[in-house]
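These notes concern the structure reproduced below.
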Amino acid sequence: MSENIVSVNNLSVSFDYQENFLSKKQKIKAVNNINIKIKKGSFFGLVGESGSGKTTLGRAILGANKISQGNVIFHDDERDFDLTRITAKEMKDYRKKAQLIFQDPYAALSPRMTVRDIIAEPLEVMKITNSRQETDEKVREIASKCRLNLEHLRRYPHAFSGGQRQRISIARALVSNPKFIVADESVAALDVSIQADILNLLKQLQNELNLTYLFISHDLSVVAHVCDIVAVMYLGHIVEMAPSRKLFSNPRHSYTKALLSSIPSIDPENKSTAIELKGEIPSAMDPPSGCVFRTRCPNPTHDCKEGNIEMGLIQVEPDHWVDQCCVNCG
Amino acid sequence: MAHLLEINNLDVKFDTDEGRITAIENVSLSLDQGKVLGIVGESGSGKSVTAKSIMQLNPGNTIYNDTAEIIIDDENVLKFTSKNDLKKIRGGKVSMIFQEPMASFAPAIKIGYQMVEQLMLHKPLDKKEAKNISIDMLNRVGIADAEKRFNQYAFELSGGMRQRAMIAMALSTMPKLLLADEPTTALDVTIQAQVINLMKDIIKEFNMGVIFITHDLGVIAQVADDVAVMYLGSVVEKGPVNEILKNPKHPYTKGLLNALPDINNLDAPLKPIPGNIPSPLDRPSACVFRTRCPNPTHDCKEGNIEMGLIEVEPGHWVDQCCVNCG
Ligand SMILES: Nc1ncnc2c1ncn2[C@@H]1O[C@H](COP(=O)(O)OP(=O)(O)OP(=O)(O)O)[C@@H](O)[C@H]1O
Ligand SMILES: Nc1ncnc2c1ncn2[C@@H]1O[C@H](COP(=O)(O)OP(=O)(O)O)[C@@H](O)[C@H]1O
Ligand code: SF4
Ligand code: SF4
Ligand SMILES: [Mg+2]
Ligand SMILES: [Mg+2]
């Protein structure tokens, strides 16, 4: 039995993009030759700025995006699911095992369904339960695990606050008893106090239900607090990956360093020492050759164009991976 | 010296289908030239309504109390009624920038045209002068190819650039007071760092007063001189940024700090504030925070306690009922 639950091997995901019907079709490589293994029981963090490809990678693992190259394997206890060649029938099975929690607790819930029906829907769609009674039991069980008030199950979502709605989304994602959860910016829209509550809940549920998370976030402080391992994405690439304490105490890639230094310190006496990055992330339609970060790198060691450098992650310490061109750069 | 801005005893209520709600109660704040006042608080605490009151941008269903004052240059903005009076503040003495820069620019009109129009409305300038000032301002906020950008539409700019263009437009009239409502919230952290540095430089250069609204205590720590902490329409604590963040007195301020994931202290557990923010329709009497207070010293209802800020350290004000509570 594999110690990993997900293996992503040389994965690329491209989209066809056309600005308008007159312009010519272009390719966007949203995810570019990515390799990651997600250990069972881990809280795997994926950070990076908007457009870096986090959602695309998460969706590809869930089978919701077409895989252009490479593969994604989900290791269940008894068998493997190969997402590149999964059949429609297997997909139904896979949906029970791997679920998504959305970002926006306001948009994600249908306003015309009661909370009970929202949570029950996956059970009915996936035909997991055989009677209304069984469905109700499962709904009540997961709702109470998510600390929802069972007397509120007959209400509609508009009656709930942002934090409560996010608990409803979590209950809905967990009701089919999945093993793997992609949480895509699941706390980004919440105030800090509610965010703390939801993060604690995710941790607690992980222990109770033996879950593995892929936790996608642009907020490094949050990731540092909850994740045990973190991968940093930039323009479709993973540039660095390490156990979170190692990553935050000893970042190696200049992008990781810049990201970390950009977090505003809550100590007013510790005024910003942000490594200021010039400009913005280049368009994914036209990424730089060689090192993808080179147009913004504060201290390029050399001219890191195509031909001058080798790309790809190498291991610099146990479990600490960095783009090889950049092990000692910046 | 008189303050640049003084808000005294402001109440703001809205008439809604569900009844009259209190969005702001008894808020008093002041700001001096060259200083940055941060306002923090969770969603719905009244940060934006406070800023909009200064600009008189609240909608028609708004009710202000008669005794409230918002004083800029010895004039009470709340008594302004004529268009000409309002013109003195909106886009004149006072400019505002928002979280979503798309909201500041009309989508179908070129950025430069909008900047020039706005400028000519407030300053006796001809088109050419207004254009020169606008392009100069775009340059100053770090937009490369300012002349080219001047002729583009907002959607043609990236998020960070749009934010810069909005700042340029807000500054081109040389306001004395800048109201910035979550100006960096929608930005990625590396772009946020750029915009914060830019704003700090500009505040210094122009010697303006700034109200900087954010829910991010880290951003506040980096930009503000003073902070006001709002909860459910009330300022529960205010003072110098260092005091408030390092020596908080009110349990709500402490709660916000305990809930925050601090990158420099990964072992600290994340402690949520218990309970939920009550609806503004049933705002607690007396201490607004009492339904969530982790350690109420007593039953802090109406009649049992006195409300109102008192000064506990020089410049550090906290609700008097709460100086030693929680
Ligand atoms: N036009 C209006 N009519 C009725 N209620 C309003 C109106 N504008 C604001 N409110 C209410 O006033 C309160 C304060 O709102 P405000 O927008 O100032 O909050 P905020 O602190 O800026 O929150 P956020 O962090 O979400 O921007 C909220 O309860 C809000 O729902
Ligand atoms: N369906 C799609 N069609 C075209 N481009 C897309 C699509 N989905 C994502 N992209 C592009 O792929 C890149 C990565 O996007 P995304 O995975 O959403 O990033 P993130 O979640 O990190 O913000 C972006 O350039 C985005 O515009
Ligand atoms: S030094 Fe070169 S390889 Fe390293 S991040 Fe900078 S540009 Fe990329
Ligand atoms: S102790 Fe009383 S007055 Fe102080 S915050 Fe708690 S409830 Fe409010
Ligand atoms: Mg995304
Ligand atoms: Mg607001």
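We name chains A, B, ... following the order of the structure tokens; residues begin at 1 in each chain, and ligands are numbered from 1 as shown.
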
Mind listing the residues within 7 Å of ligand 6, only C-alpha atoms and all ligand atoms counted, as a list in words?
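So, counting only C-alpha atoms and all ligand atoms, the residues near ligand 6 are Ser43, Lys47, Ser48 and Asp181 of chain B.
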
A:Ile38 environment, 6 Å, only C-alpha atoms, sequence neighbours closer than 5 positions dropped, as a ChimeraX atom specification:
/A:4-6

For B:Leu178: contacts at 12 Å, only C-alpha atoms, fewer than 4 positions along chain excluded, given as an mmCIF file with C-alpha atoms, in the first residue's frame:
```cif
data_model
loop_
_atom_site.group_PDB
_atom_site.id
_atom_site.type_symbol
_atom_site.label_atom_id
_atom_site.label_comp_id
_atom_site.auth_asym_id
_atom_site.auth_seq_id
_atom_site.Cartn_x
_atom_site.Cartn_y
_atom_site.Cartn_z
ATOM 1 C CA LEU B 4 -7.345 68.382 9.771
ATOM 2 C CA LEU B 5 -10.402 66.256 10.412
ATOM 3 C CA LEU B 31 -6.710 63.203 12.304
ATOM 4 C CA ASP B 32 -3.814 65.617 11.796
ATOM 5 C CA GLN B 33 -2.087 66.615 8.612
ATOM 6 C CA GLY B 34 0.659 64.210 7.583
ATOM 7 C CA LYS B 35 -0.718 61.389 9.711
ATOM 8 C CA VAL B 36 -2.289 58.040 8.886
ATOM 9 C CA LEU B 37 -5.232 56.860 10.943
ATOM 10 C CA GLY B 38 -5.954 53.177 10.465
ATOM 11 C CA ALA B 51 -15.530 56.986 5.433
ATOM 12 C CA LYS B 52 -18.594 57.530 3.287
ATOM 13 C CA ILE B 54 -17.001 62.134 5.514
ATOM 14 C CA MET B 55 -17.575 62.264 1.756
ATOM 15 C CA ILE B 89 -14.988 67.979 -0.440
ATOM 16 C CA ARG B 90 -15.605 65.250 -3.008
ATOM 17 C CA GLY B 91 -12.595 65.101 -5.255
ATOM 18 C CA GLY B 92 -11.512 68.500 -3.917
ATOM 19 C CA LYS B 93 -10.182 68.623 -0.377
ATOM 20 C CA VAL B 94 -10.988 64.957 0.060
ATOM 21 C CA SER B 95 -10.341 62.032 -2.277
ATOM 22 C CA MET B 96 -11.305 58.437 -1.834
ATOM 23 C CA ILE B 97 -9.824 55.220 -3.186
ATOM 24 C CA PHE B 98 -11.593 51.910 -3.064
ATOM 25 C CA ILE B 167 -4.267 56.458 -6.641
ATOM 26 C CA ALA B 168 -2.909 58.827 -9.301
ATOM 27 C CA MET B 169 -6.400 60.084 -10.072
ATOM 28 C CA ALA B 170 -7.222 60.525 -6.391
ATOM 29 C CA LEU B 171 -4.030 62.494 -5.806
ATOM 30 C CA SER B 172 -4.090 64.677 -8.881
ATOM 31 C CA THR B 173 -6.382 67.198 -7.193
ATOM 32 C CA MET B 174 -3.909 67.469 -4.301
ATOM 33 C CA PRO B 183 -6.905 49.771 -1.078
ATOM 34 C CA MET B 199 1.383 55.152 -0.568
ATOM 35 C CA ILE B 202 3.226 59.805 -1.383
ATOM 36 C CA ILE B 203 1.743 60.514 2.025
ATOM 37 C CA PHE B 206 2.159 65.471 -0.087
ATOM 38 C CA ASN B 207 1.872 65.797 3.684
ATOM 39 C CA MET B 208 -1.769 64.670 3.539
ATOM 40 C CA GLY B 209 -3.897 63.163 6.245
ATOM 41 C CA VAL B 210 -5.000 59.636 5.460
ATOM 42 C CA ILE B 211 -7.691 57.349 6.769
ATOM 43 C CA PHE B 212 -6.594 53.838 5.906
ATOM 44 C CA ILE B 213 -9.326 51.242 6.265
#
```

Should the cut-off be 7 Å, what would the residue list for chain A against chain B look like, counting only C-alpha atoms, as a list in words?
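Residues passing the distance filter: Glu49, Ser50, Asp191, Val192, Ser193, Ile194, Ala196, Asp197, Ser221, Val222, Ala224, His225, Leu259, Ser262, Ile263, Pro264, Ser265, Ile266, Asp267, Pro268, Lys271, Ser272, Ala274, Glu276 and Leu277 of chain A.
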
Could you list, as an MDAnalysis selection string, all protein and nucleic acid residues with an atom at most 7 Å from ligand 3, counting only C-alpha atoms and all ligand atoms?
chainID A and resid 253:255 291:294 297:304 325:326 329:330

List the spatial neighbours of stretch 80-96 of chain A as a ChimeraX atom specification - criterion: any atom at most 12 Å away, only C-alpha atoms, same-chain residues fewer than 6 positions off excluded.
/A:1-2,4-9,11-13,59-74,122-128,172-182

Expressed in Å to a single decimal, how great is the separation between atom CA of A:Ile101 and atom CA of A:Ile170?
6.1 Å

So which residues are near ligand 1, meaning at most 7 Å away with only C-alpha atoms and all ligand atoms counted, given back as an MDAnalysis selection string?
chainID B and resid 14:16 21 23 41:50 58:59 61 215 233 280

Just-selected residues, N, CA, C and O atoms written as a compact mmCIF listing (two decimals), in the first residue's frame:
```
# COMPACT_ATOMS: atom_id res chain seq x y z
N PHE B 14 -29.67 53.65 9.23
CA PHE B 14 -30.27 53.44 7.92
C PHE B 14 -31.70 52.95 8.10
O PHE B 14 -31.95 52.08 8.94
N ASP B 15 -32.60 53.52 7.30
CA ASP B 15 -33.96 53.00 7.30
C ASP B 15 -34.03 51.87 6.29
O ASP B 15 -33.74 52.06 5.11
N THR B 16 -34.38 50.68 6.74
CA THR B 16 -34.48 49.55 5.83
C THR B 16 -35.84 48.88 6.00
O THR B 16 -36.59 49.21 6.92
N ILE B 21 -31.72 50.55 11.32
CA ILE B 21 -30.55 49.92 11.92
C ILE B 21 -29.47 50.95 12.24
O ILE B 21 -29.32 51.95 11.55
N ALA B 23 -25.81 51.79 12.22
CA ALA B 23 -24.55 51.35 11.61
C ALA B 23 -23.36 51.94 12.35
O ALA B 23 -22.30 51.32 12.43
N GLY B 41 -11.38 46.42 11.88
CA GLY B 41 -12.60 45.81 12.41
C GLY B 41 -13.10 44.81 11.40
O GLY B 41 -12.73 44.85 10.23
N GLU B 42 -13.93 43.89 11.88
CA GLU B 42 -14.43 42.85 10.99
C GLU B 42 -15.48 43.41 10.04
O GLU B 42 -15.93 44.54 10.20
N SER B 43 -15.88 42.59 9.11
CA SER B 43 -16.88 42.98 8.14
C SER B 43 -18.14 43.46 8.87
O SER B 43 -18.59 42.84 9.82
N GLY B 44 -18.67 44.59 8.41
CA GLY B 44 -19.91 45.10 9.00
C GLY B 44 -19.69 45.98 10.22
O GLY B 44 -20.65 46.44 10.84
N SER B 45 -18.44 46.24 10.58
CA SER B 45 -18.20 47.01 11.80
C SER B 45 -18.41 48.51 11.59
O SER B 45 -18.45 49.26 12.57
N GLY B 46 -18.54 48.95 10.35
CA GLY B 46 -18.86 50.35 10.11
C GLY B 46 -17.71 51.18 9.56
O GLY B 46 -17.78 52.40 9.52
N LYS B 47 -16.66 50.52 9.10
CA LYS B 47 -15.50 51.23 8.57
C LYS B 47 -15.87 52.05 7.34
O LYS B 47 -15.59 53.25 7.27
N SER B 48 -16.50 51.39 6.38
CA SER B 48 -16.83 52.09 5.13
C SER B 48 -17.88 53.17 5.35
O SER B 48 -17.81 54.24 4.73
N VAL B 49 -18.85 52.89 6.20
CA VAL B 49 -19.89 53.90 6.46
C VAL B 49 -19.26 55.14 7.07
O VAL B 49 -19.62 56.27 6.73
N THR B 50 -18.28 54.97 7.95
CA THR B 50 -17.57 56.11 8.52
C THR B 50 -16.92 56.95 7.42
O THR B 50 -17.08 58.16 7.36
N ASN B 58 -23.15 58.43 1.63
CA ASN B 58 -24.14 57.44 2.05
C ASN B 58 -25.44 57.66 1.27
O ASN B 58 -25.75 58.77 0.86
N PRO B 59 -26.22 56.59 1.07
CA PRO B 59 -27.42 56.72 0.24
C PRO B 59 -28.56 57.47 0.93
O PRO B 59 -28.43 57.92 2.07
N ASN B 61 -31.34 56.70 2.28
CA ASN B 61 -32.01 56.20 3.49
C ASN B 61 -31.19 56.41 4.76
O ASN B 61 -31.42 55.78 5.77
N HIS B 215 -8.99 45.37 7.12
CA HIS B 215 -9.23 44.41 8.19
C HIS B 215 -7.92 43.69 8.52
O HIS B 215 -7.90 42.79 9.34
N GLY B 233 -20.15 49.10 14.82
CA GLY B 233 -20.50 50.51 14.73
C GLY B 233 -19.89 51.40 15.80
O GLY B 233 -20.09 52.60 15.78
N PRO B 280 -26.99 44.00 13.15
CA PRO B 280 -27.13 45.39 13.60
C PRO B 280 -28.57 45.70 14.04
O PRO B 280 -28.80 46.68 14.74
```

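The environment of stretch 147-149 of chain A within 12 Å, counting only C-alpha atoms and disregarding residues fewer than 6 places along the same chain, consists of Val115, Arg116, Ile119, Val139, Arg140, Glu141, Arg155, Phe160, Ser161, Gly163, Gln164, Arg165, Gln166, Arg167, Ile168, Ser169, Ile170, Ala171, Arg172, Asp197, Ile198, Asn200, Leu201, Leu202, Gln204 and Leu205 of chain A.
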
Could you list, as an MDAnalysis selection string, all the residues within 9 Å of ligand 4, counting only C-alpha atoms and all ligand atoms?
chainID B and resid 236 250:252 286:301 305:307 319:326

Residues from the last selection, C-alpha atoms, saved as a tab-separated table (two decimals), in the first residue's frame:
```
chain	number	residue	atom	x	y	z
B	236	VAL	CA	-14.02	50.38	21.25
B	250	HIS	CA	-10.19	45.89	25.06
B	251	PRO	CA	-11.07	42.17	24.82
B	252	TYR	CA	-12.18	42.67	21.20
B	286	ALA	CA	-24.38	49.22	26.73
B	287	CYS	CA	-21.25	47.20	25.87
B	288	VAL	CA	-21.67	46.16	22.21
B	289	PHE	CA	-19.21	43.33	22.70
B	290	ARG	CA	-20.92	41.71	25.66
B	291	THR	CA	-22.52	38.82	23.73
B	292	ARG	CA	-19.04	37.60	22.78
B	293	CYS	CA	-16.87	38.75	25.63
B	294	PRO	CA	-14.81	35.75	26.82
B	295	ASN	CA	-14.54	36.96	30.44
B	296	PRO	CA	-17.18	39.51	31.27
B	297	THR	CA	-16.30	41.10	34.59
B	298	HIS	CA	-19.96	41.54	35.34
B	299	ASP	CA	-23.28	41.64	33.57
B	300	CYS	CA	-22.48	44.51	31.23
B	301	LYS	CA	-25.99	45.49	30.25
B	305	ILE	CA	-22.04	49.99	33.24
B	306	GLU	CA	-20.94	53.37	31.94
B	307	MET	CA	-19.90	53.61	28.32
B	319	ASP	CA	-14.16	52.01	26.51
B	320	GLN	CA	-14.24	52.88	30.22
B	321	CYS	CA	-16.32	49.89	31.18
B	322	CYS	CA	-13.58	47.80	29.82
B	323	VAL	CA	-10.29	49.20	31.00
B	324	ASN	CA	-9.56	46.27	33.20
B	325	CYS	CA	-12.02	43.77	31.94
B	326	GLY	CA	-11.57	40.56	30.00
```

Each residue of chain A lying at most 9 Å from ligand 5 should get a row with its shortest atom-to-atom pair and the distance in Å to one decimal, counting only C-alpha atoms and all ligand atoms; could you produce that, ordered by chain and increasing number, as a Markdown table?
```
| residue | atom | partner | partner_atom_place_in_ligand_line | distance |
| --- | --- | --- | --- | --- |
| A:Glu49 | CA | ligand 5 | 1 (Mg) | 8.8 |
| A:Ser50 | CA | ligand 5 | 1 (Mg) | 6.4 |
| A:Gly51 | CA | ligand 5 | 1 (Mg) | 6.9 |
| A:Ser52 | CA | ligand 5 | 1 (Mg) | 8.2 |
| A:Gly53 | CA | ligand 5 | 1 (Mg) | 7.1 |
| A:Lys54 | CA | ligand 5 | 1 (Mg) | 5.7 |
| A:Thr55 | CA | ligand 5 | 1 (Mg) | 4.2 |
| A:Thr56 | CA | ligand 5 | 1 (Mg) | 7.4 |
| A:Gly58 | CA | ligand 5 | 1 (Mg) | 9.0 |
| A:Gln103 | CA | ligand 5 | 1 (Mg) | 8.7 |
| A:Asp184 | CA | ligand 5 | 1 (Mg) | 6.8 |
| A:Glu185 | CA | ligand 5 | 1 (Mg) | 7.1 |
| A:Ile216 | CA | ligand 5 | 1 (Mg) | 7.9 |
| A:Ser217 | CA | ligand 5 | 1 (Mg) | 8.2 |
| A:His218 | CA | ligand 5 | 1 (Mg) | 8.8 |
```

What would the file look like if the residues just selected were written as a compact mmCIF listing (two decimals), in the first residue's frame with all heavy atoms?
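So result33.txt came out as:
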```txt
# COMPACT_ATOMS: atom_id res chain seq x y z
N GLU A 49 0.60 33.44 -6.08
CA GLU A 49 -0.27 34.57 -6.34
C GLU A 49 -1.34 34.19 -7.35
O GLU A 49 -1.31 33.11 -7.94
CB GLU A 49 0.59 35.74 -6.83
CG GLU A 49 1.55 36.18 -5.74
CD GLU A 49 2.48 37.30 -6.19
OE1 GLU A 49 3.51 37.01 -6.79
OE2 GLU A 49 2.14 38.45 -5.93
N SER A 50 -2.29 35.10 -7.56
CA SER A 50 -3.40 34.74 -8.42
C SER A 50 -2.90 34.48 -9.85
O SER A 50 -1.99 35.14 -10.32
CB SER A 50 -4.48 35.82 -8.41
OG SER A 50 -4.01 36.97 -9.03
N GLY A 51 -3.48 33.49 -10.46
CA GLY A 51 -3.07 33.12 -11.80
C GLY A 51 -1.89 32.18 -11.86
O GLY A 51 -1.44 31.79 -12.94
N SER A 52 -1.36 31.76 -10.71
CA SER A 52 -0.18 30.91 -10.75
C SER A 52 -0.52 29.46 -11.09
O SER A 52 0.37 28.67 -11.38
CB SER A 52 0.57 30.99 -9.42
OG SER A 52 -0.26 30.63 -8.35
N GLY A 53 -1.81 29.10 -11.03
CA GLY A 53 -2.19 27.76 -11.45
C GLY A 53 -2.67 26.85 -10.34
O GLY A 53 -2.86 25.64 -10.55
N LYS A 54 -2.89 27.41 -9.17
CA LYS A 54 -3.28 26.60 -8.01
C LYS A 54 -4.62 25.90 -8.24
O LYS A 54 -4.74 24.68 -8.06
CB LYS A 54 -3.38 27.48 -6.75
CG LYS A 54 -2.14 28.31 -6.48
CD LYS A 54 -2.28 29.16 -5.23
CE LYS A 54 -3.35 30.24 -5.27
NZ LYS A 54 -3.12 31.28 -6.29
N THR A 55 -5.62 26.67 -8.63
CA THR A 55 -6.95 26.10 -8.85
C THR A 55 -6.91 25.06 -9.96
O THR A 55 -7.52 23.99 -9.85
CB THR A 55 -7.95 27.22 -9.20
OG1 THR A 55 -8.03 28.10 -8.09
CG2 THR A 55 -9.32 26.66 -9.50
N THR A 56 -6.16 25.36 -11.02
CA THR A 56 -6.08 24.42 -12.14
C THR A 56 -5.49 23.09 -11.70
O THR A 56 -6.00 22.02 -12.05
CB THR A 56 -5.24 25.04 -13.27
OG1 THR A 56 -5.81 26.30 -13.63
CG2 THR A 56 -5.20 24.13 -14.49
N GLY A 58 -5.49 21.88 -8.60
CA GLY A 58 -6.47 21.24 -7.71
C GLY A 58 -7.58 20.58 -8.51
O GLY A 58 -7.97 19.44 -8.23
N GLN A 103 -14.37 28.40 -2.28
CA GLN A 103 -13.92 29.63 -1.65
C GLN A 103 -15.06 30.43 -1.06
O GLN A 103 -15.01 30.86 0.07
CB GLN A 103 -13.21 30.49 -2.71
CG GLN A 103 -13.08 31.94 -2.28
CD GLN A 103 -12.14 32.71 -3.16
OE1 GLN A 103 -11.73 32.25 -4.22
NE2 GLN A 103 -11.76 33.88 -2.73
N ASP A 184 -10.06 25.03 -1.72
CA ASP A 184 -9.52 26.10 -2.58
C ASP A 184 -9.89 27.46 -2.01
O ASP A 184 -11.03 27.90 -2.12
CB ASP A 184 -10.06 25.94 -4.00
CG ASP A 184 -9.34 26.85 -4.99
OD1 ASP A 184 -8.50 27.67 -4.55
OD2 ASP A 184 -9.61 26.75 -6.20
N GLU A 185 -8.95 28.13 -1.41
CA GLU A 185 -9.16 29.45 -0.80
C GLU A 185 -10.38 29.43 0.12
O GLU A 185 -11.20 30.35 0.12
CB GLU A 185 -9.36 30.53 -1.89
CG GLU A 185 -8.21 30.68 -2.86
CD GLU A 185 -7.03 31.49 -2.31
OE1 GLU A 185 -7.03 31.82 -1.11
OE2 GLU A 185 -6.10 31.77 -3.08
N ILE A 216 -5.35 25.08 -0.69
CA ILE A 216 -4.88 26.11 -1.62
C ILE A 216 -5.13 27.48 -1.02
O ILE A 216 -6.23 27.77 -0.56
CB ILE A 216 -5.65 25.99 -2.96
CG1 ILE A 216 -5.37 24.63 -3.60
CG2 ILE A 216 -5.31 27.15 -3.88
CD1 ILE A 216 -6.15 24.40 -4.88
N SER A 217 -4.10 28.32 -1.00
CA SER A 217 -4.28 29.63 -0.39
C SER A 217 -3.24 30.59 -0.92
O SER A 217 -2.15 30.20 -1.30
CB SER A 217 -4.14 29.50 1.12
OG SER A 217 -4.20 30.76 1.73
N HIS A 218 -3.59 31.87 -0.94
CA HIS A 218 -2.57 32.86 -1.27
C HIS A 218 -2.02 33.48 0.02
O HIS A 218 -1.15 34.33 -0.03
CB HIS A 218 -3.15 33.94 -2.17
CG HIS A 218 -4.18 34.76 -1.47
ND1 HIS A 218 -5.50 34.35 -1.38
CD2 HIS A 218 -4.08 35.90 -0.77
CE1 HIS A 218 -6.16 35.24 -0.65
NE2 HIS A 218 -5.33 36.19 -0.27
```

Assign secondary structure with DSSP using the backbone only, and return the residues of stretch 48-282 of chain A in alpha helix (DSSP H) as a PyMOL selection string.
chain A and resi 54-61+88-97+115-125+132-145+162-174+192-209+220-226+244-249+254-262

Between B:Glu6, B:Pro248, B:Thr22, B:Glu147, smallest distance to B:Ser285 by only C-alpha atoms belongs to B:Thr22
